Amino acid sequence: MMMSEKRFPWWMRIKARVLVFGVLMSAVPLLILGLASFTAAQTYLEESIQKQNSERAALLAGQIQDFIQNNADSLIQVTSTNALELVGADPLARETVLGTMLRGIPYLESLQVADPQVQVLGKVSRREVDYPVQAGETLPCLDFSATESYSLSEVFFTVDGRPQVYLTVNIIDPQTRRNLGYLQAKTDLKALFNKFTSIQVGQEGIIYLTDGKGKLIGHSDFSRVLSQEDMTRNPSVRNFLAGKPPSLAGNEYPNTDDTPVLGLYAPVGSPPWGVFIEQPVQEAYEPIARFALRVMGMMLVIILGVTLISIYFGLKLTQPIENLEAGVRRIIATEDLQAEVTQESDDEIGRLVQAFNNLLRRLADKTANLQAEQELLETVVHGIGAGMALLDQEKRLIWWNSLFARWFGSENKNFKKLACEELLRGEGPESSFEENGRVLALEVQGDKRYLRHSYYRLSSGNPENAAYLLLLEDVTQQVEMEARVIQTEKMATVGLLASGVAHEINNPLAILSAHNEDLLDRLQEEGELPGKAEIEGILSIIAKQIERCKQVTGRLLGYARPGRHGPDRMDANNAIEQTAALLAYRLKQKKMVLIKESEPGLWVEGDENEWQQVVLNILTNAIDASAEGSQVIVRAQRVKRPLAPAEALPIDKGDEIQIEVEDQGQGISPQYLKKVFDPFFTTKPPGQGTGLGLFVSYGIVQKMQGKLFIESTEGKGTTVRINLPFQGTGGRP
C-alpha cells in the first residue's frame with residue numbers, strides 16, 4: 001500500500017524556518033541592541049536636560065534672592081548713614097535723601113518713611129511729582145521676623161497688572177541703636193522677572209515664577225501673568241506647594257496647554273517663591289529621534305543584507321534535503337527498493353543520503369528474506385496438519401488456514417466473525433470450548449473425528465488485532481489407539497478374572513445340578529410324586545442360582561464391553577463398589593480383607609468404563625503384591641487442593657477427590673519405582689501381567705485432568721494416590 005502524502009503549509013517547511021531563523025537571529029539582536037541604545041540615550045539626554053535646567057533654575061533662584069537681599073542692603077546702608085535726616089523735622093532734607101535713593105535704585109517704584117508708630121512722615125514716587133502724605137497714613141505690609149533684617153510683603157499687582165512687593169527696613173540710631181522708625185520701598189518686579197524669564201531654554205522652553213501660594217508672578221509670556229492663569233494644576237507647582245524636594249526623574253507631564261513637557265523647579269527660599277522651567281518633550285527628545293532614525297536606517301540595511309544571506313544559505317542548505325525528500329517519495333510511489341537517491345555532496349546531508357541508500361539496500365534484503373520466510377510460514381501453516389485460526393476478544397474467527405476450512409466446509413467458505421463455540425459444537429459436554437486442551441468429538445466431512453483444541457493468548461497490537469491463536473489437532477488415531485490399548489488391557493484382565501468368575505459360577509451350577517438330579521430321580525421312582533409346593537420351592541432355588549450366575553457374568557461383561565469415549569459426571573464410589581465385587585473371589589482365595597473408607601457424593605468427570613479400568617488395575621496390583629491374610633485399604637474422600645499464594649478460586653473449584661489404595665505387600669524397590677509407568681514393564685511372573693496396567697491408568701487419569709502418585713517403601717507396602725478435580729453435584733450438565 002502506497003503511503004499517502006500529507007501536504008504541509010509553506011511556513012512549516014525547513015526552507016521557511018531557516019529563512020525566519022536567519023532573519024530573527026539578525027533582526028532581534030539588532031532590535032534589542034537598538035532599543036537598549038535608544039533607551040540609554042534617551043535616559044542620558046533626559047538626565048542631561050533636566051540637570052542643565054535644574055542648574056539654570058537654581059541659578060535664577062539665587063539671583064532673585066540676591067536681588068532682594070541687595071535692595072534690602074541698599075536700604076539699610078541709607079538708613080544707617082541718614083537716619084536722623086530721614087526721621088528729623090526737616091522735610092526737605094528727608095525728601096532729598098529719599099529722592100537720591102530713588103534715583104540710585106532703578107527697581108524702586110516709591111519710598112516712604114514712618115516713625116516707630118508706623119505713621120508716615122514722608123514719601124516720594126518715581127511716577128508722581130506731587131505725592132502728599134495723608135493724615136493718619138500708616139505703612140502697609142509691615143511684618144518683621146526675628147531672624148531677618150528686613151520685611152518683605154507678599155506679591156501684589158498694580159492696576160496695570162505689574163507685580164510689586166513692599167521692602168521695609170528699620171531706621172536705627174547709629175549711636176543709641178534705638179529704633180527711630182521705618183523705611184519702606186515699593187519694588188517693581190516686572191522688569192526683574194522679564195530679565196530672568198527672557199533667558200532662552202531651547203526653542204520652545206519657558207521659565208515662570210510663582211509665589212508661595214502658587215500665584216503666577218512671572219512668565220516668559222507676560223500676558224499669562226496679566227490673566228492670572230491658574231498654575232496649581234501643574235504637577236511641578238503642586239510638588240513645590242507640597243514642599244517636596246526637586247527631582248531630576250519622573251518629571252514628564254502635560255502642562256496647562258496639554259503639551260507633554262519635561263519640567264522641574266527650584267525654590268528661591270527667601271522670599272518663598274519658586275522658579276519653574278518647562279521644555280516640550282518633542283523638542284527635548286529631537287536629538288534622540290534623529291539618532292533613532294539613523295539607527296533604524298542602519299538596522300534595516302543590516303537586516304536586508306542578513307536576509308539575503310539567509311535566503312542564499314537557506315536555499316543552499318535545504319535544496320539537498322528537498323531532493324532527498326523527492327527521492328524518498330519517488331521510491332515510495334514506485335515501491336522500488338533497489339533504487340537509490342543521488343548523493344550531491346559529502347557533507348552531513350550527503351552522508352545522510354548515503355546512509356539512506358544503505359538502509360534501502362538492507363531493507364530490500366530484509367524484505368526478500370521476509371517474503372521467503374512468509375512463503376515458508378504459509379507452507380508450514382497450511383501443511384502442518386493442524387487447523388489454525390485467529391480469534392478476536394469475543395473468540396470470533398478472523399483468520400483460518402486451508403486445513404481448517406476443509407474440515408468445516410470448503411476453502412471458499414467465509415467464517416468471518418463466526419463464534420468459535422458454534423463452529424466447534426460437538427457431541428455432549430466434551431464440546432465445551434472453556435477448557436484449554438480438551439478433546440472434542442466432532443462430525444468432520446461426514447466422519448467422526450476427535451480434535452484436541454488449544455488456544456493461546458496473543459499480545460495486543462498485532463496487525464490483525466487478534467486476541468487468541470486456536471490450534472486444532474486431529475487425534476482420532478491416538479484416541480482410537482488408546483481405546484484399543486485399554487480394551488486390550490481389559491481383555492487381559494478379564495482373562496485373569498476368568499478363574500474366579502468360573503468358580504463363582506460353579507457353586508450355583510452345582511446347586512442347580514443337585515436339585516435337578518433329585519427332582520429327576522423322584523419323578524422316575526414309583527410312588528408318590530413331589531407336590532406342587534415342593535416343586536415350586538425347588539424352582540425358586542434354581543431361579544436364585546441362575547440370577548446369581550447372571551450377576552457374575554453381567555459384571556464381567558459390563559467391564560469388558562468398550563466405552564463410548566466420552567466424559568460424563570459420575571460418582572467415583574460406583575466403580576470402587578463394582579470392582580470390589582469382581583475381585584471378591586480373588587480376595588477370598590488369598591484370605592484377604594478389603595477395607596473401604598469412602599464419603600458419599602464424590603463426583604468426578606470422566607469415562608465411567610475407563611475409570612473402572614483404573615480402579616481394577618490398581619486393586620489387582622495391590623492384591624497381587626499382598627501376602628495371604630493381609631488387608632487392602634481403599635480411601636475415597638474430598639479434600640482441599642493446596643493453592644499458590646497468588647491463586648484464588650471460587651467455592652468448590654479448589655476441591656479435589658482423593659482416592660488412595662494402600663497394600664501391605666513387599667513394596668517396590670527404588671530402581672523399579674521410576675519405571676512403573678513405562679509400557680510393558682512388570683515385575684510379575686510371565687503370564688500374570690502385561691505391563692500395561694499402570695501405563696493405561698496413568699493416561700486415563702491425565703485425561704480426567706487428575707494426577708497419579710505412587711509411594712512405596714520396600715518391605716512395608718505401597719500406596720497409590722489419585723487426585724481428581726471435584727465436579728460439584730452429580731448428573732449431566
# chains A, B, ... in the order shown; residues from 1 in each chain; ligands from 1

$ select_by_dssp --residues "stretch 202-426 of chain A" --states "alpha helix (DSSP H)" --output "ChimeraX atom specification"
/A:222-226,235-241,281-284,286-334,348-383,402-408,420-423

$ closest_atom_pairs --of "stretch 39-129 of chain A" --to "stretch 261-276 of chain A" --cutoff "9 Å" --atoms "only C-alpha atoms" --output "JSON lines"
{"residue": "A:Glu46", "atom": "CA", "partner": "A:Leu262", "partner_atom": "CA", "distance": 8.3}
{"residue": "A:Ile49", "atom": "CA", "partner": "A:Leu262", "partner_atom": "CA", "distance": 8.6}
{"residue": "A:Gln50", "atom": "CA", "partner": "A:Leu264", "partner_atom": "CA", "distance": 7.3}
{"residue": "A:Asn53", "atom": "CA", "partner": "A:Leu264", "partner_atom": "CA", "distance": 7.5}
{"residue": "A:Ser54", "atom": "CA", "partner": "A:Leu264", "partner_atom": "CA", "distance": 6.7}
{"residue": "A:Glu55", "atom": "CA", "partner": "A:Ala266", "partner_atom": "CA", "distance": 8.8}
{"residue": "A:Arg56", "atom": "CA", "partner": "A:Ala266", "partner_atom": "CA", "distance": 9.0}
{"residue": "A:Ala57", "atom": "CA", "partner": "A:Ala266", "partner_atom": "CA", "distance": 5.5}
{"residue": "A:Ala58", "atom": "CA", "partner": "A:Ala266", "partner_atom": "CA", "distance": 5.3}
{"residue": "A:Leu59", "atom": "CA", "partner": "A:Ala266", "partner_atom": "CA", "distance": 8.8}
{"residue": "A:Leu60", "atom": "CA", "partner": "A:Val275", "partner_atom": "CA", "distance": 7.2}
{"residue": "A:Ala61", "atom": "CA", "partner": "A:Val268", "partner_atom": "CA", "distance": 4.6}
{"residue": "A:Gly62", "atom": "CA", "partner": "A:Val268", "partner_atom": "CA", "distance": 6.5}
{"residue": "A:Gln63", "atom": "CA", "partner": "A:Val268", "partner_atom": "CA", "distance": 8.9}
{"residue": "A:Ile64", "atom": "CA", "partner": "A:Val268", "partner_atom": "CA", "distance": 7.2}
{"residue": "A:Gln65", "atom": "CA", "partner": "A:Val268", "partner_atom": "CA", "distance": 6.3}
{"residue": "A:Ile68", "atom": "CA", "partner": "A:Pro271", "partner_atom": "CA", "distance": 8.2}

$ atom_distance --atom1 "atom CA of A:Arg127" --atom2 "atom CA of A:Ala93"
20.5 Å

$ closest_residue --among "A:Ala72, A:Leu108, A:Ile303, A:Ile288" --to "A:Ser151" --atoms "only C-alpha atoms"
A:Ala72

$ closest_residue --among "A:Tyr150, A:Phe695, A:Tyr166, A:Phe67" --to "A:Gln112" --atoms "only C-alpha atoms"
A:Tyr166

$ atom_distance --atom1 "atom CA of A:Phe677" --atom2 "atom CA of A:Thr620"
15.7 Å

$ closest_residue --among "A:Phe157, A:Ile576, A:Leu363, A:Ser236" --to "A:Glu335" --atoms "only C-alpha atoms"
A:Leu363

$ residues_around --residues "stretch 233-235 of chain A" --least-positions-apart "2" --cutoff "10 Å" --atoms "only C-alpha atoms" --output "VMD selection string"
chain A and resid 214 230 to 231 237 to 241 251 to 256 263 to 264

$ write_last_selection --atoms "N, CA, C and O atoms" --output "tab-separated table (two decimals), in the first residue's frame"
chain	number	residue	atom	x	y	z
A	214	GLY	N	1.35	79.69	44.93
A	214	GLY	CA	1.15	79.18	43.57
A	214	GLY	C	0.64	80.22	42.60
A	214	GLY	O	0.31	79.87	41.46
A	230	ASP	N	-4.16	80.06	36.33
A	230	ASP	CA	-4.05	79.14	37.48
A	230	ASP	C	-2.99	78.07	37.17
A	230	ASP	O	-3.15	77.26	36.26
A	231	MET	N	-1.92	78.09	37.94
A	231	MET	CA	-0.82	77.16	37.72
A	231	MET	C	-0.83	75.98	38.71
A	231	MET	O	0.06	75.13	38.66
A	237	VAL	N	4.23	72.57	40.16
A	237	VAL	CA	3.74	73.58	41.11
A	237	VAL	C	3.15	72.90	42.34
A	237	VAL	O	3.37	73.34	43.48
A	238	ARG	N	2.40	71.82	42.11
A	238	ARG	CA	1.82	71.11	43.26
A	238	ARG	C	2.92	70.54	44.15
A	238	ARG	O	2.82	70.59	45.38
A	239	ASN	N	3.97	69.97	43.54
A	239	ASN	CA	5.09	69.46	44.34
A	239	ASN	C	5.76	70.58	45.12
A	239	ASN	O	6.16	70.41	46.27
A	240	PHE	N	5.90	71.75	44.49
A	240	PHE	CA	6.51	72.90	45.17
A	240	PHE	C	5.66	73.34	46.35
A	240	PHE	O	6.18	73.59	47.45
A	241	LEU	N	4.34	73.45	46.12
A	241	LEU	CA	3.46	73.88	47.21
A	241	LEU	C	3.41	72.84	48.33
A	241	LEU	O	3.21	73.19	49.50
A	251	ASN	N	9.73	63.58	35.64
A	251	ASN	CA	9.18	64.93	35.54
A	251	ASN	C	8.55	65.19	34.18
A	251	ASN	O	8.51	66.34	33.73
A	252	GLU	N	8.08	64.16	33.52
A	252	GLU	CA	7.39	64.35	32.25
A	252	GLU	C	5.89	64.39	32.52
A	252	GLU	O	5.33	63.47	33.11
A	253	TYR	N	5.24	65.46	32.07
A	253	TYR	CA	3.80	65.62	32.34
A	253	TYR	C	3.24	66.61	31.32
A	253	TYR	O	3.99	67.36	30.67
A	254	PRO	N	1.92	66.64	31.17
A	254	PRO	CA	1.31	67.65	30.30
A	254	PRO	C	1.18	68.98	31.04
A	254	PRO	O	0.76	69.01	32.20
A	255	ASN	N	1.52	70.07	30.38
A	255	ASN	CA	1.40	71.39	31.02
A	255	ASN	C	-0.03	71.88	30.91
A	255	ASN	O	-0.94	71.13	30.52
A	256	THR	N	-0.23	73.15	31.20
A	256	THR	CA	-1.60	73.70	31.17
A	256	THR	C	-2.17	73.73	29.77
A	256	THR	O	-3.39	73.83	29.60
A	263	GLY	N	9.60	69.04	33.05
A	263	GLY	CA	9.57	70.20	33.95
A	263	GLY	C	10.26	69.93	35.25
A	263	GLY	O	10.32	68.80	35.73
A	264	LEU	N	10.79	71.03	35.84
A	264	LEU	CA	11.36	70.97	37.18
A	264	LEU	C	11.32	72.37	37.77
A	264	LEU	O	10.97	73.35	37.11

$ select_by_dssp --residues "stretch 2-141 of chain A" --states "strand (DSSP E)" --output "PyMOL selection string"
chain A and resi 108-114+120-125

$ residues_around --residues "stretch 358-360 of chain A" --least-positions-apart "3" --cutoff "12 Å" --atoms "only C-alpha atoms" --output "list in words"
Gly327, Val328, Ile331, Ile332, Glu335, Asp336, Leu337, Gln338, Ala339, Glu340, Val341, Arg351, Leu352, Val353, Gln354, Ala355, Leu363, Ala364, Asp365, Lys366 and Thr367 of chain A

$ closest_residue --among "A:Tyr672, A:Arg586, A:Thr579, A:Thr476" --to "A:Asn609" --atoms "only C-alpha atoms"
A:Thr579

$ residues_around --residues "A:Asp188" --least-positions-apart "2" --cutoff "7 Å" --atoms "only C-alpha atoms" --output "number ranges by chain"
A: 107-109, 163-165, 186, 190

$ atom_distance --atom1 "atom CA of A:Thr100" --atom2 "atom CA of A:Val124"
10.3 Å
